[in-house]
Structures are given as C-alpha cells and as structure tokens.
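S.K.: final-v2.cif is reproduced in full below (mmCIF, C-alpha atoms and all ligand atoms).
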```cif
data_coords
#
loop_
_atom_site.group_PDB
_atom_site.id
_atom_site.type_symbol
_atom_site.label_atom_id
_atom_site.label_comp_id
_atom_site.auth_asym_id
_atom_site.auth_seq_id
_atom_site.Cartn_x
_atom_site.Cartn_y
_atom_site.Cartn_z
ATOM 1 C CA MET L 242 84.563 81.109 -40.177
ATOM 2 C CA THR L 243 83.598 83.497 -37.393
ATOM 3 C CA LYS L 244 86.412 85.532 -35.903
ATOM 4 C CA PRO L 245 86.812 84.384 -32.284
ATOM 5 C CA ALA L 246 86.224 86.890 -29.456
ATOM 6 C CA GLN L 247 87.855 86.709 -26.046
ATOM 7 C CA VAL L 248 84.802 87.957 -24.166
ATOM 8 C CA MET L 249 81.080 87.234 -24.577
ATOM 9 C CA VAL L 250 78.578 89.244 -22.546
ATOM 10 C CA VAL L 251 75.104 87.665 -22.405
ATOM 11 C CA THR L 252 72.615 90.261 -21.267
ATOM 12 C CA PRO L 253 68.879 89.767 -20.593
ATOM 13 C CA HIS L 254 67.831 93.250 -21.774
ATOM 14 C CA PRO L 255 69.456 96.173 -23.530
ATOM 15 C CA ASP L 256 71.105 98.212 -20.687
ATOM 16 C CA ASP L 257 71.774 95.413 -18.130
ATOM 17 C CA ALA L 258 75.328 94.925 -19.387
ATOM 18 C CA GLU L 259 76.069 98.627 -18.934
ATOM 19 C CA TRP L 260 74.937 98.478 -15.299
ATOM 20 C CA GLY L 261 76.800 95.235 -14.660
ATOM 21 C CA VAL L 262 80.059 95.208 -16.561
ATOM 22 C CA ALA L 263 80.569 98.306 -18.760
ATOM 23 C CA GLY L 264 83.529 99.639 -16.780
ATOM 24 C CA THR L 265 85.334 96.321 -17.172
ATOM 25 C CA VAL L 266 84.341 96.018 -20.840
ATOM 26 C CA ILE L 267 86.077 99.332 -21.584
ATOM 27 C CA ARG L 268 89.257 98.095 -19.930
ATOM 28 C CA TRP L 269 89.163 94.840 -21.915
ATOM 29 C CA ALA L 270 88.548 96.746 -25.156
ATOM 30 C CA ARG L 271 91.540 98.990 -24.406
ATOM 31 C CA GLU L 272 93.649 95.871 -23.879
ATOM 32 C CA GLY L 273 92.643 94.786 -27.386
ATOM 33 C CA LYS L 274 90.231 92.025 -26.419
ATOM 34 C CA GLY L 275 87.396 91.271 -28.847
ATOM 35 C CA ILE L 276 84.060 91.632 -27.072
ATOM 36 C CA ILE L 277 80.670 90.336 -28.252
ATOM 37 C CA TYR L 278 77.340 91.319 -26.722
ATOM 38 C CA VAL L 279 74.419 88.894 -26.911
ATOM 39 C CA VAL L 280 71.160 90.688 -26.053
ATOM 40 C CA CYS L 281 68.527 88.050 -25.248
ATOM 41 C CA THR L 282 65.271 90.032 -25.196
ATOM 42 C CA ASN L 283 64.117 93.087 -27.096
ATOM 43 C CA GLY L 284 63.188 94.906 -23.866
ATOM 44 C CA ASP L 285 59.771 95.800 -25.243
ATOM 45 C CA LYS L 286 58.097 95.924 -21.817
ATOM 46 C CA GLY L 287 60.630 98.233 -20.200
ATOM 47 C CA THR L 288 58.576 101.398 -19.868
ATOM 48 C CA SER L 289 55.954 103.025 -17.682
ATOM 49 C CA ASP L 290 54.910 105.302 -20.565
ATOM 50 C CA VAL L 291 51.500 104.064 -21.737
ATOM 51 C CA ASN L 292 51.884 105.933 -25.035
ATOM 52 C CA VAL L 293 54.907 103.977 -26.238
ATOM 53 C CA LYS L 294 54.134 100.950 -28.401
ATOM 54 C CA PRO L 295 56.134 97.803 -27.574
ATOM 55 C CA GLU L 296 57.497 97.463 -31.121
ATOM 56 C CA GLU L 297 58.619 101.105 -31.098
ATOM 57 C CA LEU L 298 60.310 100.619 -27.753
ATOM 58 C CA ALA L 299 62.128 97.517 -29.030
ATOM 59 C CA LYS L 300 63.549 99.502 -31.946
ATOM 60 C CA ILE L 301 64.589 102.401 -29.732
ATOM 61 C CA ARG L 302 66.296 100.076 -27.277
ATOM 62 C CA GLU L 303 68.311 98.360 -30.014
ATOM 63 C CA GLN L 304 69.610 101.726 -31.147
ATOM 64 C CA GLU L 305 70.424 102.677 -27.560
ATOM 65 C CA GLN L 306 72.268 99.388 -27.059
ATOM 66 C CA LEU L 307 74.265 99.863 -30.270
ATOM 67 C CA ALA L 308 75.232 103.403 -29.240
ATOM 68 C CA ALA L 309 76.376 102.260 -25.794
ATOM 69 C CA ALA L 310 78.306 99.303 -27.215
ATOM 70 C CA LYS L 311 80.073 101.547 -29.719
ATOM 71 C CA LEU L 312 81.146 103.889 -26.970
ATOM 72 C CA LEU L 313 82.564 100.996 -24.942
ATOM 73 C CA GLY L 314 84.481 99.427 -27.823
ATOM 74 C CA VAL L 315 82.325 96.297 -28.172
ATOM 75 C CA ARG L 316 83.093 94.587 -31.485
ATOM 76 C CA GLU L 317 79.659 93.194 -32.282
ATOM 77 C CA VAL L 318 76.138 93.189 -30.808
ATOM 78 C CA LEU L 319 73.890 90.194 -31.520
ATOM 79 C CA PHE L 320 70.165 90.607 -30.847
ATOM 80 C CA LEU L 321 68.236 87.392 -30.144
ATOM 81 C CA ARG L 322 64.992 89.455 -29.999
ATOM 82 C CA HIS L 323 62.984 87.292 -27.626
ATOM 83 C CA PRO L 324 60.018 89.221 -26.233
ATOM 84 C CA ASP L 325 60.684 90.902 -22.906
ATOM 85 C CA GLN L 326 59.585 88.849 -19.863
ATOM 86 C CA SER L 327 59.294 85.700 -21.970
ATOM 87 C CA LEU L 328 62.535 83.832 -21.369
ATOM 88 C CA GLU L 329 62.292 80.256 -20.199
ATOM 89 C CA ASP L 330 64.910 77.654 -19.449
ATOM 90 C CA THR L 331 64.340 75.598 -22.595
ATOM 91 C CA PRO L 332 66.612 73.392 -24.700
ATOM 92 C CA GLU L 333 66.069 75.810 -27.612
ATOM 93 C CA PHE L 334 67.202 78.928 -25.748
ATOM 94 C CA ARG L 335 70.167 77.031 -24.302
ATOM 95 C CA LYS L 336 71.078 75.858 -27.794
ATOM 96 C CA GLU L 337 71.105 79.459 -29.050
ATOM 97 C CA ILE L 338 73.702 80.340 -26.417
ATOM 98 C CA VAL L 339 75.694 77.140 -26.988
ATOM 99 C CA ARG L 340 75.780 77.901 -30.717
ATOM 100 C CA LEU L 341 77.188 81.377 -30.097
ATOM 101 C CA ILE L 342 79.765 80.127 -27.582
ATOM 102 C CA ARG L 343 80.962 77.559 -30.091
ATOM 103 C CA MET L 344 81.013 80.164 -32.879
ATOM 104 C CA TYR L 345 82.930 82.877 -30.997
ATOM 105 C CA GLN L 346 84.935 80.649 -28.607
ATOM 106 C CA PRO L 347 85.197 83.169 -25.754
ATOM 107 C CA GLU L 348 87.606 82.687 -22.856
ATOM 108 C CA ILE L 349 85.413 84.768 -20.566
ATOM 109 C CA VAL L 350 81.601 84.778 -20.445
ATOM 110 C CA VAL L 351 79.790 87.461 -18.438
ATOM 111 C CA THR L 352 76.122 87.391 -17.448
ATOM 112 C CA ALA L 353 73.642 88.038 -14.620
ATOM 113 C CA ASP L 354 73.946 85.987 -11.435
ATOM 114 C CA PRO L 355 70.887 83.692 -11.465
ATOM 115 C CA TYR L 356 71.121 82.991 -7.731
ATOM 116 C CA ARG L 357 69.875 86.260 -6.266
ATOM 117 C CA ARG L 358 67.207 85.391 -3.752
ATOM 118 C CA TYR L 359 63.587 86.563 -3.784
ATOM 119 C CA ILE L 360 62.977 89.599 -5.990
ATOM 120 C CA TRP L 361 64.952 89.247 -9.189
ATOM 121 C CA HIS L 362 63.762 89.847 -12.740
ATOM 122 C CA ARG L 363 62.812 86.493 -14.182
ATOM 123 C CA ASP L 364 64.642 87.228 -17.462
ATOM 124 C CA HIS L 365 67.816 87.882 -15.439
ATOM 125 C CA ARG L 366 67.468 84.644 -13.493
ATOM 126 C CA ILE L 367 66.791 82.597 -16.624
ATOM 127 C CA THR L 368 69.537 84.245 -18.705
ATOM 128 C CA GLY L 369 72.099 83.596 -15.976
ATOM 129 C CA GLN L 370 71.051 79.975 -15.472
ATOM 130 C CA VAL L 371 70.822 79.114 -19.166
ATOM 131 C CA THR L 372 74.174 80.774 -19.883
ATOM 132 C CA LEU L 373 75.896 78.878 -17.061
ATOM 133 C CA ASP L 374 74.444 75.613 -18.352
ATOM 134 C CA ALA L 375 75.432 76.488 -21.918
ATOM 135 C CA VAL L 376 79.027 77.118 -20.801
ATOM 136 C CA PHE L 377 79.151 73.884 -18.843
ATOM 137 C CA PRO L 378 78.629 71.229 -19.974
ATOM 138 C CA TYR L 379 76.725 71.839 -23.215
ATOM 139 C CA ALA L 380 79.258 73.959 -25.148
ATOM 140 C CA ARG L 381 82.022 71.599 -24.049
ATOM 141 C CA ASP L 382 80.499 68.234 -24.932
ATOM 142 C CA HIS L 383 80.450 67.110 -28.528
ATOM 143 C CA LEU L 384 77.432 64.860 -27.970
ATOM 144 C CA ALA L 385 75.350 67.775 -26.681
ATOM 145 C CA TYR L 386 73.335 69.174 -29.577
ATOM 146 C CA PRO L 387 74.892 66.842 -32.205
ATOM 147 C CA GLU L 388 73.308 68.934 -34.956
ATOM 148 C CA LEU L 389 75.684 71.784 -34.037
ATOM 149 C CA LEU L 390 78.647 69.486 -34.601
ATOM 150 C CA GLU L 391 77.246 68.659 -38.041
ATOM 151 C CA GLN L 392 77.291 72.408 -38.729
ATOM 152 C CA ASP L 393 81.003 72.482 -37.867
ATOM 153 C CA LEU L 394 80.402 74.091 -34.478
ATOM 154 C CA HIS L 395 82.877 72.216 -32.358
ATOM 155 C CA PRO L 396 83.027 71.914 -28.567
ATOM 156 C CA HIS L 397 84.537 74.862 -26.756
ATOM 157 C CA ARG L 398 85.782 75.249 -23.182
ATOM 158 C CA VAL L 399 85.132 78.630 -21.575
ATOM 159 C CA LYS L 400 87.772 79.364 -18.915
ATOM 160 C CA GLU L 401 85.950 81.830 -16.708
ATOM 161 C CA VAL L 402 82.425 83.105 -15.981
ATOM 162 C CA LEU L 403 81.751 86.450 -14.297
ATOM 163 C CA LEU L 404 78.291 87.013 -12.803
ATOM 164 C CA TRP L 405 77.119 90.550 -12.105
ATOM 165 C CA ALA L 406 74.597 91.578 -9.418
ATOM 166 C CA SER L 407 75.825 88.731 -7.238
ATOM 167 C CA GLU L 408 74.929 88.499 -3.553
ATOM 168 C CA ASP L 409 78.181 86.601 -3.149
ATOM 169 C CA PRO L 410 80.895 88.606 -4.952
ATOM 170 C CA ASN L 411 84.407 87.154 -4.878
ATOM 171 C CA TYR L 412 86.102 89.248 -7.573
ATOM 172 C CA ARG L 413 86.413 93.004 -7.987
ATOM 173 C CA SER L 414 87.471 94.655 -11.199
ATOM 174 C CA ASP L 415 89.086 98.119 -11.120
ATOM 175 C CA ILE L 416 86.926 100.636 -13.006
ATOM 176 C CA THR L 417 88.404 103.822 -11.508
ATOM 177 C CA ASP L 418 89.661 104.991 -14.917
ATOM 178 C CA THR L 419 86.637 103.839 -16.891
ATOM 179 C CA PHE L 420 83.818 104.974 -14.619
ATOM 180 C CA ASP L 421 83.095 108.187 -16.574
ATOM 181 C CA LEU L 422 82.693 106.302 -19.810
ATOM 182 C CA LYS L 423 80.465 103.742 -18.087
ATOM 183 C CA ILE L 424 78.170 106.607 -17.074
ATOM 184 C CA ALA L 425 78.199 107.920 -20.646
ATOM 185 C CA ALA L 426 77.256 104.449 -21.924
ATOM 186 C CA LEU L 427 74.409 104.218 -19.409
ATOM 187 C CA ARG L 428 73.144 107.582 -20.570
ATOM 188 C CA CYS L 429 72.859 106.155 -24.114
ATOM 189 C CA HIS L 430 69.860 104.224 -22.747
ATOM 190 C CA LYS L 431 67.658 107.289 -22.787
ATOM 191 C CA SER L 432 64.399 105.310 -22.734
ATOM 192 C CA GLN L 433 65.537 103.785 -19.429
ATOM 193 C CA ILE L 434 67.475 106.571 -17.792
ATOM 194 C CA GLY L 435 66.507 109.687 -19.696
ATOM 195 C CA GLN L 436 68.232 112.939 -18.912
ATOM 196 C CA VAL L 437 66.060 113.974 -15.983
ATOM 197 C CA PRO L 438 64.770 111.127 -13.761
ATOM 198 C CA TYR L 439 68.213 110.324 -12.331
ATOM 199 C CA PRO L 440 69.813 113.718 -11.714
ATOM 200 C CA ASP L 441 72.172 112.130 -9.217
ATOM 201 C CA LEU L 442 72.934 109.058 -11.284
ATOM 202 C CA GLU L 443 76.659 109.737 -11.205
ATOM 203 C CA LYS L 444 76.819 110.382 -7.463
ATOM 204 C CA TRP L 445 74.650 107.393 -6.615
ATOM 205 C CA LEU L 446 76.557 105.076 -8.910
ATOM 206 C CA ARG L 447 79.933 106.320 -7.665
ATOM 207 C CA GLN L 448 78.911 105.438 -4.112
ATOM 208 C CA ARG L 449 77.787 101.992 -5.217
ATOM 209 C CA HIS L 450 81.066 101.291 -6.985
ATOM 210 C CA GLU L 451 83.078 102.689 -4.061
ATOM 211 C CA MET L 452 81.333 100.169 -1.832
ATOM 212 C CA MET L 453 82.113 97.395 -4.300
ATOM 213 C CA ALA L 454 85.826 98.398 -4.103
ATOM 214 C CA GLU L 455 85.969 98.152 -0.293
ATOM 215 C CA GLY L 456 89.133 96.386 0.829
ATOM 216 C CA GLU L 457 90.858 96.885 -2.527
ATOM 217 C CA ASN L 458 93.644 99.359 -3.275
ATOM 218 C CA PHE L 459 91.591 101.123 -5.939
ATOM 219 C CA GLU L 460 88.675 103.493 -5.653
ATOM 220 C CA LEU L 461 85.904 102.110 -7.865
ATOM 221 C CA ALA L 462 85.047 98.513 -8.718
ATOM 222 C CA GLU L 463 82.541 96.337 -10.469
ATOM 223 C CA ALA L 464 81.970 93.266 -8.325
ATOM 224 C CA PHE L 465 81.255 89.775 -9.635
ATOM 225 C CA HIS L 466 80.965 86.209 -8.562
ATOM 226 C CA ARG L 467 83.757 84.630 -10.560
ATOM 227 C CA VAL L 468 83.795 80.976 -11.526
ATOM 228 C CA GLU L 469 86.877 79.383 -13.052
ATOM 229 C CA ILE L 470 86.274 76.243 -15.058
ATOM 230 C CA PHE L 471 89.037 73.664 -14.887
ATOM 231 C CA TRP L 472 87.358 70.636 -16.393
HETATM 232 ZN ZN ZN L 501 67.153 93.707 -17.287
#
```
I'd like the structure from this file rewritten - as structure tokens, please.
Ligand SMILES: [Zn+2]

M.R.:
Amino acid sequence: MTKPAQVMVVTPHPDDAEWGVAGTVIRWAREGKGIIYVVCTNGDKGTSDVNVKPEELAKIREQEQLAAAKLLGVREVLFLRHPDQSLEDTPEFRKEIVRLIRMYQPEIVVTADPYRRYIWHRDHRITGQVTLDAVFPYARDHLAYPELLEQDLHPHRVKEVLLWASEDPNYRSDITDTFDLKIAALRCHKSQIGQVPYPDLEKWLRQRHEMMAEGENFELAEAFHRVEIFW
C-alpha cells in the first residue's frame, strides 16, 4: 500500500514546479505535509545548445529535478518520461494521472493553469487540462477506468487544485520566508538557468513575487488560481 501524500505537484517539465510553487512547497514540507512531484516529460528539448544530445539532457534534467526536490523537502519524485513537446490529451495520459491520484490520495493537487491565452507551452496547457480532468471526475468515479478499481485503486476526492501561471489568480501564498530557498532550488536547474545567463535572477524574481503579493500583508507571494472541489 502506497503511503498517502497530502500534496501532489504535476509538472510538465523538470523546473516548472520550482518556478510555480517551490516557495509554497517548502512551507508545506516544514508543516510536515508529504509532497509528491510527478514530472510528465523528460525535458529533452529544453536547450539551445546544439552540442547536447536529447538523451543526455534528459538525464541531466532528472538529476537537477531530484536535487531541487531534495532541497525543498519533497518526499518523492516520479518521472513519467514522456518526450518533451509530445504530450496530448489522451485517455492513456489521463489514466496515468488518475492512477497516481488514487495511489497517493492527495488533498491538494498543483499544476500549470491550462487556460492562459495565446502563447503558452503546449505541454503546460495539456498537463494542466489533463490533470484537472483527472482530478474531476475521473479519479472520483469508480466506473471511470474500471481496470484501476480491479487493481485496488479506489476513487479519491481531491479537495483543492492550485494552478500556477494563471492569468486569473485568486489565491496568494506567502513565500516571504521561503523565497531564498526557492531561488536555490531554481539554481539546481543548471541546464536551464546556469550560473551566468540570469545574473539578476534574484532581483527579477523578487520583483515578480512582490507584484504577486500586492494587496496582501506580506511581502512576497506565489499566486494561483485556486479551485475548491465540493462535489
Ligand atoms: Zn515547462
């Protein structure tokens, strides 16, 4: 029997979760919540370096993701290893997410907001949509994917979904005390951030998270569209 986790973060690529929710993940980990990362693609197209082979990049990015997750206090990282830029909204992909939701029974699921307009990475859009559908109604309904029920994976009701990168944020999480560690976790993704290309990463990110905290009584926030599920 899998040990349940309170939080499941479904991320399209290694590094997206650090941009979107790392500051909040640290806070949850400090509160003693069990956190699972599900990394949908291997990120093997995420480079402009023509000398890096895709399979090498995939390996590097897994190590980077593991290092970041360790720093944040994530309990377990699951790699689905779909090729980068290949995700589609299929019954099979949805079933993978449903299976994991039923296995780990999270109260909170976090993923990318699929409803950003116009330019939005297709893997982000698909991950967000498939995860929302997996949460409701597929993970909840025993007649959805009956073969999962036969494997003793019973229906599960997620209570809350948080969507990062939303154009319509309605919930702000205080990351004032965890911001420094979020930066450190982002810097684990050397193939994406490196040491040099973003010399002002901290300053730029601080400004972004200050803006997200506008109207709140704390300094830095991660902003989400939050959906509570009552049925
Ligand atoms: Zn991404």

S.K.: Take the PyMOL selection byres (((chain L and resi 300) around 12) and not hetatm), run it mentally on this structure, and tell me the resulting residues as an MDAnalysis selection string.

M.R.: chainID L and resid 255 282:285 293:299 301:307 320 322 432

S.K.: Taking all atoms listed in the file into account, name the residue in L:Val339, L:Val315, L:Met453, L:Val376 that is nearest to Val266 (chain L).

M.R.: L:Val315

S.K.: May I have the residues at most 12 Å from (85.6, 105.9, -17.6) in the file's coordinates, counting all atoms listed in the file, as a PyMOL selection string?

M.R.: chain L and resi 263-268+271+312-313+415-427+443+447+461-462

S.K.: At a cut-off of 6 Å, can you tabulate as CSV every residue of chain L near ligand ZN 501 (chain L) together with its closest atom pair and the distance in Å to one decimal, using all atoms listed in the file and ordering rows by chain then number?

M.R.:
```
residue,atom,partner,partner_atom,distance
L:Pro253,CA,L:ZN501,ZN,5.4
L:His254,CA,L:ZN501,ZN,4.6
L:Asp257,CA,L:ZN501,ZN,5.0
```

S.K.: For the selection just defined, write its residues with C-alpha atoms to a file, as a short mmCIF file (atom, residue, chain, number, x, y, z; two decimals), keeping the file's coordinate frame.

M.R.:
```
data_model
loop_
_atom_site.label_atom_id
_atom_site.label_comp_id
_atom_site.auth_asym_id
_atom_site.auth_seq_id
_atom_site.Cartn_x
_atom_site.Cartn_y
_atom_site.Cartn_z
CA PRO L 253 68.88 89.77 -20.59
CA HIS L 254 67.83 93.25 -21.77
CA ASP L 257 71.77 95.41 -18.13
#
```

S.K.: For Lys244 (chain L), which residue among L:Gly456, L:Pro396, L:Pro324, L:Gly275 is the nearest when counting all atoms listed in the file?

M.R.: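 Closest candidate: L:Gly275.
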
S.K.: CA of Met344 (chain L) and CA of Tyr386 (chain L), how far apart in Å?

M.R.: 13.8 Å

S.K.: Restricting the calculation to only C-alpha atoms, which member of L:Asp374, L:Arg343, L:His323, L:Glu408 is positioned closest to Tyr359 (chain L)?

M.R.: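 Using only C-alpha atoms, the shortest distance to Tyr359 (chain L) belongs to L:Glu408.
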
S.K.: So that I can see what lies close to region 347-349 of chain L, please list as a list in words the residues with an atom at most 9 Å from it, counting all atoms listed in the file and leaving out residues fewer than 6 positions away in the same chain.

M.R.: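 The contact residues come out as Pro245, Ala246, Gln247, Val248, Met249, Val250, Gly275, Ile276, Ile277, His397, Arg398, Val399, Lys400, Glu401, Val402 and Leu403 of chain L.
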
S.K.: Need the shell around Arg335 (chain L): protein/DNA/RNA residues with any atom at most 7 Å away, counting only C-alpha atoms. Skip same-chain ones fewer than 4 positions apart. Format as a ChimeraX atom specification?

M.R.: /L:331,339,371,375

S.K.: Please indicate the distance in Å from CA of Arg449 (chain L) to CA of Leu328 (chain L), rounded to one decimal place.

M.R.: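 Between CA of Arg449 (chain L) and CA of Leu328 (chain L) the gap is 28.7 Å.
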
S.K.: Around region 438-455 of chain L, with edges along x, y and z and 3 Å added on all six sides, what centre and edge lengths do you get, in Å to one decimal, as JSON?

M.R.:
```
{"center_x": 75.4, "center_y": 105.6, "center_z": -7.0, "size_x": 27.2, "size_y": 22.3, "size_z": 19.5}
```

S.K.: Using the chain letters and residue numbers of this document, give as a JSON list (two decimals) with C-alpha atoms, keeping the file's coordinate frame the residues selected by the PyMOL selection byres (((chain L and resi 362) around 12) and not hetatm).

M.R.:
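Once everything was written out, this is out.json:
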```json
[["chain", "number", "residue", "atom", "x", "y", "z"],
["L", 253, "PRO", "CA", 68.88, 89.77, -20.59],
["L", 254, "HIS", "CA", 67.83, 93.25, -21.77],
["L", 257, "ASP", "CA", 71.77, 95.41, -18.13],
["L", 287, "GLY", "CA", 60.63, 98.23, -20.20],
["L", 325, "ASP", "CA", 60.68, 90.90, -22.91],
["L", 326, "GLN", "CA", 59.58, 88.85, -19.86],
["L", 327, "SER", "CA", 59.29, 85.70, -21.97],
["L", 328, "LEU", "CA", 62.54, 83.83, -21.37],
["L", 353, "ALA", "CA", 73.64, 88.04, -14.62],
["L", 354, "ASP", "CA", 73.95, 85.99, -11.44],
["L", 355, "PRO", "CA", 70.89, 83.69, -11.46],
["L", 356, "TYR", "CA", 71.12, 82.99, -7.73],
["L", 357, "ARG", "CA", 69.88, 86.26, -6.27],
["L", 358, "ARG", "CA", 67.21, 85.39, -3.75],
["L", 359, "TYR", "CA", 63.59, 86.56, -3.78],
["L", 360, "ILE", "CA", 62.98, 89.60, -5.99],
["L", 361, "TRP", "CA", 64.95, 89.25, -9.19],
["L", 363, "ARG", "CA", 62.81, 86.49, -14.18],
["L", 364, "ASP", "CA", 64.64, 87.23, -17.46],
["L", 365, "HIS", "CA", 67.82, 87.88, -15.44],
["L", 366, "ARG", "CA", 67.47, 84.64, -13.49],
["L", 367, "ILE", "CA", 66.79, 82.60, -16.62],
["L", 368, "THR", "CA", 69.54, 84.24, -18.70],
["L", 369, "GLY", "CA", 72.10, 83.60, -15.98],
["L", 406, "ALA", "CA", 74.60, 91.58, -9.42]]
```

S.K.: Please, what distance in Å, to one decimal, runs between CA of Asp393 (chain L) and CA of Arg340 (chain L)?

M.R.: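 Separation of CA of Asp393 (chain L) and CA of Arg340 (chain L): 10.4 Å.
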
S.K.: Output requested as a PDB file, keeping the file's coordinate frame - region 271-280 of chain L, filled out with all heavy atoms.

M.R.:
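Output contents, as saved in rebuild.pdb:
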```pdb
ATOM      1  N   ARG L 271      90.264  98.255 -24.325  1.00  0.00           N
ATOM      2  CA  ARG L 271      91.540  98.990 -24.406  1.00  0.00           C
ATOM      3  C   ARG L 271      92.734  98.050 -24.442  1.00  0.00           C
ATOM      4  O   ARG L 271      93.774  98.379 -24.999  1.00  0.00           O
ATOM      5  CB  ARG L 271      91.671  99.956 -23.217  1.00  0.00           C
ATOM      6  CG  ARG L 271      90.743 101.163 -23.359  1.00  0.00           C
ATOM      7  CD  ARG L 271      90.838 102.080 -22.152  1.00  0.00           C
ATOM      8  NE  ARG L 271      89.900 103.193 -22.289  1.00  0.00           N
ATOM      9  CZ  ARG L 271      89.605 104.037 -21.310  1.00  0.00           C
ATOM     10  NH1 ARG L 271      90.161 103.904 -20.114  1.00  0.00           N
ATOM     11  NH2 ARG L 271      88.748 105.025 -21.524  1.00  0.00           N
ATOM     12  N   GLU L 272      92.579  96.879 -23.837  1.00  0.00           N
ATOM     13  CA  GLU L 272      93.649  95.871 -23.879  1.00  0.00           C
ATOM     14  C   GLU L 272      93.661  95.126 -25.218  1.00  0.00           C
ATOM     15  O   GLU L 272      94.507  94.261 -25.436  1.00  0.00           O
ATOM     16  CB  GLU L 272      93.434  94.835 -22.756  1.00  0.00           C
ATOM     17  CG  GLU L 272      93.713  95.366 -21.361  1.00  0.00           C
ATOM     18  CD  GLU L 272      93.187  94.429 -20.257  1.00  0.00           C
ATOM     19  OE1 GLU L 272      92.728  93.303 -20.567  1.00  0.00           O
ATOM     20  OE2 GLU L 272      93.218  94.851 -19.079  1.00  0.00           O
ATOM     21  N   GLY L 273      92.686  95.420 -26.064  1.00  0.00           N
ATOM     22  CA  GLY L 273      92.643  94.786 -27.386  1.00  0.00           C
ATOM     23  C   GLY L 273      91.820  93.519 -27.455  1.00  0.00           C
ATOM     24  O   GLY L 273      91.846  92.807 -28.461  1.00  0.00           O
ATOM     25  N   LYS L 274      91.075  93.226 -26.396  1.00  0.00           N
ATOM     26  CA  LYS L 274      90.231  92.025 -26.419  1.00  0.00           C
ATOM     27  C   LYS L 274      89.008  92.254 -27.324  1.00  0.00           C
ATOM     28  O   LYS L 274      88.434  93.342 -27.326  1.00  0.00           O
ATOM     29  CB  LYS L 274      89.743  91.687 -25.005  1.00  0.00           C
ATOM     30  CG  LYS L 274      90.819  91.099 -24.101  1.00  0.00           C
ATOM     31  CD  LYS L 274      90.195  90.619 -22.788  1.00  0.00           C
ATOM     32  CE  LYS L 274      91.120  89.730 -21.985  1.00  0.00           C
ATOM     33  NZ  LYS L 274      92.305  90.401 -21.472  1.00  0.00           N
ATOM     34  N   GLY L 275      88.622  91.226 -28.058  1.00  0.00           N
ATOM     35  CA  GLY L 275      87.396  91.271 -28.847  1.00  0.00           C
ATOM     36  C   GLY L 275      86.205  90.948 -27.942  1.00  0.00           C
ATOM     37  O   GLY L 275      86.240  89.949 -27.219  1.00  0.00           O
ATOM     38  N   ILE L 276      85.205  91.806 -27.981  1.00  0.00           N
ATOM     39  CA  ILE L 276      84.060  91.632 -27.072  1.00  0.00           C
ATOM     40  C   ILE L 276      82.770  91.555 -27.888  1.00  0.00           C
ATOM     41  O   ILE L 276      82.521  92.400 -28.748  1.00  0.00           O
ATOM     42  CB  ILE L 276      83.983  92.812 -26.082  1.00  0.00           C
ATOM     43  CG1 ILE L 276      85.273  92.872 -25.245  1.00  0.00           C
ATOM     44  CG2 ILE L 276      82.763  92.687 -25.173  1.00  0.00           C
ATOM     45  CD1 ILE L 276      85.674  94.255 -24.853  1.00  0.00           C
ATOM     46  N   ILE L 277      81.966  90.536 -27.581  1.00  0.00           N
ATOM     47  CA  ILE L 277      80.670  90.336 -28.252  1.00  0.00           C
ATOM     48  C   ILE L 277      79.564  90.495 -27.216  1.00  0.00           C
ATOM     49  O   ILE L 277      79.655  89.937 -26.123  1.00  0.00           O
ATOM     50  CB  ILE L 277      80.573  88.905 -28.843  1.00  0.00           C
ATOM     51  CG1 ILE L 277      81.734  88.618 -29.791  1.00  0.00           C
ATOM     52  CG2 ILE L 277      79.229  88.673 -29.516  1.00  0.00           C
ATOM     53  CD1 ILE L 277      81.736  89.406 -31.049  1.00  0.00           C
ATOM     54  N   TYR L 278      78.544  91.250 -27.557  1.00  0.00           N
ATOM     55  CA  TYR L 278      77.340  91.319 -26.722  1.00  0.00           C
ATOM     56  C   TYR L 278      76.268  90.413 -27.330  1.00  0.00           C
ATOM     57  O   TYR L 278      76.033  90.468 -28.542  1.00  0.00           O
ATOM     58  CB  TYR L 278      76.770  92.743 -26.738  1.00  0.00           C
ATOM     59  CG  TYR L 278      77.207  93.667 -25.629  1.00  0.00           C
ATOM     60  CD1 TYR L 278      78.385  93.476 -24.916  1.00  0.00           C
ATOM     61  CD2 TYR L 278      76.416  94.778 -25.305  1.00  0.00           C
ATOM     62  CE1 TYR L 278      78.759  94.348 -23.913  1.00  0.00           C
ATOM     63  CE2 TYR L 278      76.790  95.664 -24.302  1.00  0.00           C
ATOM     64  CZ  TYR L 278      77.965  95.442 -23.610  1.00  0.00           C
ATOM     65  OH  TYR L 278      78.326  96.320 -22.624  1.00  0.00           O
ATOM     66  N   VAL L 279      75.607  89.650 -26.499  1.00  0.00           N
ATOM     67  CA  VAL L 279      74.419  88.894 -26.911  1.00  0.00           C
ATOM     68  C   VAL L 279      73.261  89.432 -26.086  1.00  0.00           C
ATOM     69  O   VAL L 279      73.260  89.303 -24.855  1.00  0.00           O
ATOM     70  CB  VAL L 279      74.603  87.382 -26.647  1.00  0.00           C
ATOM     71  CG1 VAL L 279      73.346  86.622 -27.050  1.00  0.00           C
ATOM     72  CG2 VAL L 279      75.833  86.850 -27.360  1.00  0.00           C
ATOM     73  N   VAL L 280      72.288  90.059 -26.749  1.00  0.00           N
ATOM     74  CA  VAL L 280      71.160  90.688 -26.053  1.00  0.00           C
ATOM     75  C   VAL L 280      69.949  89.769 -26.228  1.00  0.00           C
ATOM     76  O   VAL L 280      69.438  89.595 -27.341  1.00  0.00           O
ATOM     77  CB  VAL L 280      70.868  92.089 -26.627  1.00  0.00           C
ATOM     78  CG1 VAL L 280      69.777  92.781 -25.820  1.00  0.00           C
ATOM     79  CG2 VAL L 280      72.139  92.927 -26.654  1.00  0.00           C
TER      80      VAL L 280
END
```
